[in-house]
Amino acid sequence: MSYMQYYFCRMLNVIGVVMVCFAVILTESAASTTMEHCEAPNIACAKTVTATVSPTGRILFAWTVDDYLYVNYSDDRGKTFSRPINVNRTPEKVAARGEKRPKIAVDSTGNIYVSWIKKLPQKWTSNIRFSWLKAGEATFSPPITVNDDTEPAGHSFNEMMVSDHGEVTLVWLDSRHSRAAKKRGEPFVGSSIYWTTINPSSLNLSSLKPLPLSESTTLKNTPYVNGNCVCCRLALTQRETKEGELAPVVMWRHIFGDNVRDHALGVLGEPLRRVSFEQWKVEGCPHHGPSISAQDQRIHMSWFNDGPNASGLFYAYTDNLGETVSPAFHFSKSTESPGHPSLITGGDGKLKLAWQTFDGTQSGISITISAQGEQWSDVKVVTTFSGKTDYPFLLAHPDGDLLLWHKPGHALTLIDVSQYGETQHGETRKKVAQ
Amino acid sequence: MKRILRLTISNLLLLIVSAVVSFPALSADKAMDQLTIEKVTGVFQEQNRLVMLWSVDCPPCYQELAMLERLLSLYPDLPITLISTDDDSERHEEVEDQYKRLKGNKLTTWVFADGMAPQLRYAIDKTWSGVLPRSYVVKGINRVGHSGVLKEQELRQLFHLPES
């Protein structure tokens, strides 16, 4: 064997070793950008986390990992968390991204209700699903399909709330009319809103089995309006009527005239009212739905719009379900890349409004406070983060309001925002009418 | 001779092992170009190139993609760049399936790198809210933006194509 041959072989040997090292580094680098080490059920592995607060202060979370929906809770404002309970015992494709995410509600008895979107194999088709956990029991009822149509269609952006006496209201975007119109070759603008009510106690859902699409369910769906934007979340709250009843009020991005994407408000079953007027004309997906909160007879509203004269986040209120609306308060300009407002009437009775911003490197959560929506405090930045984040949600809590801002891959933390209601943070006031 | 044989076999084994180990990482990159902050300037350099942003979550985007598929079948030399804003590797297969439908000689296709949507949106256009579909034409040093579905007629005008 000549020296030339020997060194050639040695050189090949070295190149081989270098390639193996390089390959290992590449592989590890590729793996590090994903959450492969996440093992279900771990809330840190969830892309989205939705929460609600019981009258006693228990915080309940709904989140999804690997085609399973889980619920867990915290009794100490996020210091410790219970073991998660699995909702669906058969895996299903649960939509949990951006504004499409599972919803959770709890009533005064402690019954827990969850609703989610089950994605179907055909693009743009999905079902609304529902299950509940009776207080004191250990397992959720078998999930049922809420939408009552027999043809596959899109049912998404579900919102849910529960009344004091345990009646659940579900509202969602529904494409059954638009798909039917398309089949007939007729034009149809946007999507539709449907809703239903469920009284789980009277239905005895624990005896119900999951229903295939071809079977009819016991849940009668009611159409509300047509012509709404197809890719923005709805907002749902309840408002006391003059008769002392609680009526569900929904707000959504509607399509007015020639693709003008402003917002509408209405009590389910009653005529809609237009409540925003930025005149954003676009044939597209804003992916930005509104947020609302009721404070006695007043409905507070916040939304994103990108109109020709004003772009960013807005706030207004109405005392008569949209018949008249206060002047819109443009509280965050487009230069802050603002989005996804969360508006609550806090445990202290004050309004809190939080939203997300981005400065090129970091996302931040800003907050402002108001007594009744007429004047707002200076904006304060609550927290910042430079990685991937979920949207912000304020939680009204009897022991002080909290901010939920999930960071996928990280342990869930709740931030106490109750101190932002103190007067030192609200010396300079901005009027809504500005 | 035995020594040469031994060394050659060991080298071959090393090469095979390195190829097998590195395959997933390399193939992931090769399958679809991932857009990072560093690459944004390059994407928007060519004058009069149409850059279209879309997502698998955006129904109107699919109207635009269908129109583009038709137009590219007639005019495969259109200078178009497609960027999917789906910054989640779980969705990249779906993005890739869409790209496979489109044939163009000057078509370039990208997807947002994992977890980078806010940074990339900001790097592309600070004033862009994220509404989709979104498109840009590079004119001089400016990126002229448009929100909403582009119509075939608009593309024909942009690229000086005959009326349909």
# chains A, B, ... in the order shown; residues from 1 in each chain; ligands from 1
$ residues_around --residues "A:Gln372" --least-positions-apart "5" --cutoff "8 Å" --atoms "only C-alpha atoms" --output "number ranges by chain"
A: 295, 350-351
$ select_by_dssp --residues "stretch 48-230 of chain A" --states "alpha helix (DSSP H)" --output "PyMOL selection string"
chain A and resi 176-184+200-203
$ residues_around --residues "A:Ser54" --least-positions-apart "5" --cutoff "9 Å" --atoms "only C-alpha atoms" --output "PyMOL selection string"
chain A and resi 59-60+105-108+110+397
$ write_last_selection --atoms "N, CA and C atoms" --output "PDB file, in the first residue's frame"
ATOM      1  N   ILE A  59     -59.837  28.269  38.907  1.00  0.00           N
ATOM      2  CA  ILE A  59     -59.560  28.592  37.497  1.00  0.00           C
ATOM      3  C   ILE A  59     -59.449  27.279  36.727  1.00  0.00           C
ATOM      4  N   LEU A  60     -60.275  27.165  35.691  1.00  0.00           N
ATOM      5  CA  LEU A  60     -60.301  25.925  34.907  1.00  0.00           C
ATOM      6  C   LEU A  60     -59.708  26.185  33.526  1.00  0.00           C
ATOM      7  N   ALA A 105     -66.593  26.415  30.255  1.00  0.00           N
ATOM      8  CA  ALA A 105     -67.464  27.215  31.118  1.00  0.00           C
ATOM      9  C   ALA A 105     -67.769  26.408  32.374  1.00  0.00           C
ATOM     10  N   VAL A 106     -68.131  27.099  33.431  1.00  0.00           N
ATOM     11  CA  VAL A 106     -68.460  26.437  34.690  1.00  0.00           C
ATOM     12  C   VAL A 106     -69.663  27.159  35.293  1.00  0.00           C
ATOM     13  N   ASP A 107     -70.567  26.392  35.903  1.00  0.00           N
ATOM     14  CA  ASP A 107     -71.729  27.049  36.515  1.00  0.00           C
ATOM     15  C   ASP A 107     -71.554  27.128  38.035  1.00  0.00           C
ATOM     16  N   SER A 108     -72.555  27.710  38.683  1.00  0.00           N
ATOM     17  CA  SER A 108     -72.428  27.958  40.125  1.00  0.00           C
ATOM     18  C   SER A 108     -72.409  26.658  40.940  1.00  0.00           C
ATOM     19  N   GLY A 110     -70.716  24.027  39.956  1.00  0.00           N
ATOM     20  CA  GLY A 110     -69.422  23.380  39.732  1.00  0.00           C
ATOM     21  C   GLY A 110     -69.416  22.435  38.558  1.00  0.00           C
ATOM     22  N   HIS A 397     -61.469  37.552  38.383  1.00  0.00           N
ATOM     23  CA  HIS A 397     -61.302  36.640  39.517  1.00  0.00           C
ATOM     24  C   HIS A 397     -61.730  37.353  40.803  1.00  0.00           C
TER      25      HIS A 397
END
$ residues_around --residues "B:Ser73" --least-positions-apart "4" --cutoff "9 Å" --atoms "only C-alpha atoms" --output "JSON, numbers by chain"
{"B": [68, 69, 102, 103, 104]}
$ select_by_dssp --residues "stretch 41-162 of chain B" --states "strand (DSSP E)" --output "list in words"
Leu50, Val51, Met52, Leu53, Trp54, Ile80, Thr81, Leu82, Ile83, Ser84, Thr108, Thr109, Trp110, Val111, Phe112, Arg134, Ser135, Tyr136, Val137, Val138, Lys139, Asn142, Arg143, Val144, Gly145, His146 and Ser147 of chain B
$ write_last_selection --atoms "N, CA and C atoms" --output "mmCIF file, in the first residue's frame"
data_model
loop_
_atom_site.group_PDB
_atom_site.id
_atom_site.type_symbol
_atom_site.label_atom_id
_atom_site.label_comp_id
_atom_site.auth_asym_id
_atom_site.auth_seq_id
_atom_site.Cartn_x
_atom_site.Cartn_y
_atom_site.Cartn_z
ATOM 1 N N LEU B 50 -44.242 39.669 -8.260
ATOM 2 C CA LEU B 50 -45.419 39.668 -7.396
ATOM 3 C C LEU B 50 -45.192 38.679 -6.254
ATOM 4 N N VAL B 51 -45.281 39.170 -5.032
ATOM 5 C CA VAL B 51 -45.106 38.315 -3.856
ATOM 6 C C VAL B 51 -46.474 38.154 -3.198
ATOM 7 N N MET B 52 -46.947 36.926 -3.101
ATOM 8 C CA MET B 52 -48.293 36.675 -2.561
ATOM 9 C C MET B 52 -48.185 35.867 -1.277
ATOM 10 N N LEU B 53 -48.816 36.358 -0.216
ATOM 11 C CA LEU B 53 -48.800 35.658 1.074
ATOM 12 C C LEU B 53 -50.160 35.033 1.352
ATOM 13 N N TRP B 54 -50.141 33.841 1.896
ATOM 14 C CA TRP B 54 -51.374 33.082 2.095
ATOM 15 C C TRP B 54 -51.208 32.131 3.274
ATOM 16 N N ILE B 80 -43.519 35.122 -9.969
ATOM 17 C CA ILE B 80 -44.375 35.136 -8.766
ATOM 18 C C ILE B 80 -43.683 34.389 -7.624
ATOM 19 N N THR B 81 -43.801 34.951 -6.445
ATOM 20 C CA THR B 81 -43.303 34.302 -5.231
ATOM 21 C C THR B 81 -44.487 34.063 -4.307
ATOM 22 N N LEU B 82 -44.607 32.844 -3.824
ATOM 23 C CA LEU B 82 -45.667 32.529 -2.866
ATOM 24 C C LEU B 82 -45.048 32.290 -1.493
ATOM 25 N N ILE B 83 -45.648 32.882 -0.490
ATOM 26 C CA ILE B 83 -45.158 32.679 0.880
ATOM 27 C C ILE B 83 -46.333 32.253 1.759
ATOM 28 N N SER B 84 -46.222 31.084 2.323
ATOM 29 C CA SER B 84 -47.234 30.644 3.292
ATOM 30 C C SER B 84 -46.842 31.168 4.666
ATOM 31 N N THR B 108 -41.391 30.868 -7.188
ATOM 32 C CA THR B 108 -40.628 30.451 -6.003
ATOM 33 C C THR B 108 -41.604 30.317 -4.844
ATOM 34 N N THR B 109 -41.358 29.338 -4.004
ATOM 35 C CA THR B 109 -42.319 29.044 -2.924
ATOM 36 C C THR B 109 -41.609 28.992 -1.579
ATOM 37 N N TRP B 110 -42.259 29.600 -0.600
ATOM 38 C CA TRP B 110 -41.686 29.703 0.741
ATOM 39 C C TRP B 110 -42.760 29.387 1.778
ATOM 40 N N VAL B 111 -42.268 29.097 2.962
ATOM 41 C CA VAL B 111 -43.159 28.986 4.109
ATOM 42 C C VAL B 111 -42.450 29.663 5.288
ATOM 43 N N PHE B 112 -43.224 30.323 6.134
ATOM 44 C CA PHE B 112 -42.635 30.967 7.309
ATOM 45 C C PHE B 112 -41.929 29.919 8.174
ATOM 46 N N ARG B 134 -52.410 38.605 1.226
ATOM 47 C CA ARG B 134 -51.699 39.872 1.144
ATOM 48 C C ARG B 134 -50.698 39.751 -0.007
ATOM 49 N N SER B 135 -50.542 40.802 -0.772
ATOM 50 C CA SER B 135 -49.598 40.718 -1.892
ATOM 51 C C SER B 135 -48.799 42.004 -2.025
ATOM 52 N N TYR B 136 -47.627 41.871 -2.610
ATOM 53 C CA TYR B 136 -46.729 43.019 -2.816
ATOM 54 C C TYR B 136 -46.138 42.939 -4.215
ATOM 55 N N VAL B 137 -45.921 44.124 -4.785
ATOM 56 C CA VAL B 137 -45.134 44.214 -6.012
ATOM 57 C C VAL B 137 -43.955 45.126 -5.692
ATOM 58 N N VAL B 138 -42.772 44.691 -6.079
ATOM 59 C CA VAL B 138 -41.583 45.491 -5.805
ATOM 60 C C VAL B 138 -41.444 46.546 -6.899
ATOM 61 N N LYS B 139 -41.499 47.807 -6.492
ATOM 62 C CA LYS B 139 -41.350 48.928 -7.427
ATOM 63 C C LYS B 139 -40.256 49.834 -6.882
ATOM 64 N N ASN B 142 -39.603 50.427 -3.101
ATOM 65 C CA ASN B 142 -40.857 50.259 -2.357
ATOM 66 C C ASN B 142 -41.495 48.900 -2.595
ATOM 67 N N ARG B 143 -42.213 48.458 -1.574
ATOM 68 C CA ARG B 143 -43.060 47.284 -1.716
ATOM 69 C C ARG B 143 -44.503 47.785 -1.686
ATOM 70 N N VAL B 144 -45.175 47.680 -2.805
ATOM 71 C CA VAL B 144 -46.550 48.176 -2.882
ATOM 72 C C VAL B 144 -47.485 47.055 -2.438
ATOM 73 N N GLY B 145 -48.170 47.278 -1.318
ATOM 74 C CA GLY B 145 -48.969 46.211 -0.715
ATOM 75 C C GLY B 145 -50.439 46.277 -1.083
ATOM 76 N N HIS B 146 -51.081 45.114 -1.044
ATOM 77 C CA HIS B 146 -52.523 45.010 -1.304
ATOM 78 C C HIS B 146 -53.086 43.921 -0.404
ATOM 79 N N SER B 147 -54.202 44.208 0.253
ATOM 80 C CA SER B 147 -54.876 43.202 1.081
ATOM 81 C C SER B 147 -56.107 42.685 0.362
#
$ closest_residue --among "A:Gly284, A:Thr384, A:Ile43, A:Ser418" --to "B:Gln63" --atoms "only C-alpha atoms"
A:Gly284
$ closest_residue --among "A:Glu167, A:Gly307, A:Pro84, A:Ala181" --to "A:Ser202" --atoms "only C-alpha atoms"
A:Glu167
$ closest_atom_pairs --of "stretch 335-414 of chain A" --to "stretch 233-247 of chain A" --cutoff "12 Å" --atoms "only C-alpha atoms" --output "Markdown table"
| residue | atom | partner | partner_atom | distance |
| --- | --- | --- | --- | --- |
| A:His340 | CA | A:Arg233 | CA | 10.0 |
| A:Pro341 | CA | A:Ala235 | CA | 11.1 |
| A:Ser342 | CA | A:Ala235 | CA | 10.2 |
| A:Leu343 | CA | A:Ala235 | CA | 10.3 |
| A:Ile344 | CA | A:Thr237 | CA | 10.3 |
| A:Thr345 | CA | A:Thr237 | CA | 11.0 |
$ write_last_selection --atoms "N, CA and C atoms" --output "short mmCIF file (atom, residue, chain, number, x, y, z; two decimals), in the first residue's frame"
data_model
loop_
_atom_site.label_atom_id
_atom_site.label_comp_id
_atom_site.auth_asym_id
_atom_site.auth_seq_id
_atom_site.Cartn_x
_atom_site.Cartn_y
_atom_site.Cartn_z
N HIS A 340 -55.85 41.26 19.02
CA HIS A 340 -56.47 40.32 19.95
C HIS A 340 -56.78 40.92 21.32
N PRO A 341 -57.65 41.91 21.34
CA PRO A 341 -58.00 42.52 22.62
C PRO A 341 -58.81 41.56 23.49
N SER A 342 -58.65 41.72 24.79
CA SER A 342 -59.44 40.95 25.76
C SER A 342 -60.03 41.95 26.73
N LEU A 343 -61.34 41.97 26.81
CA LEU A 343 -62.05 42.98 27.60
C LEU A 343 -62.91 42.28 28.64
N ILE A 344 -62.73 42.67 29.91
CA ILE A 344 -63.56 42.05 30.97
C ILE A 344 -64.08 43.10 31.93
N THR A 345 -65.16 42.75 32.57
CA THR A 345 -65.57 43.46 33.77
C THR A 345 -65.00 42.65 34.91
#
$ closest_residue --among "B:Gln119, B:Val43, B:Cys58, B:Gln153" --to "B:Leu107" --atoms "only C-alpha atoms"
B:Val43
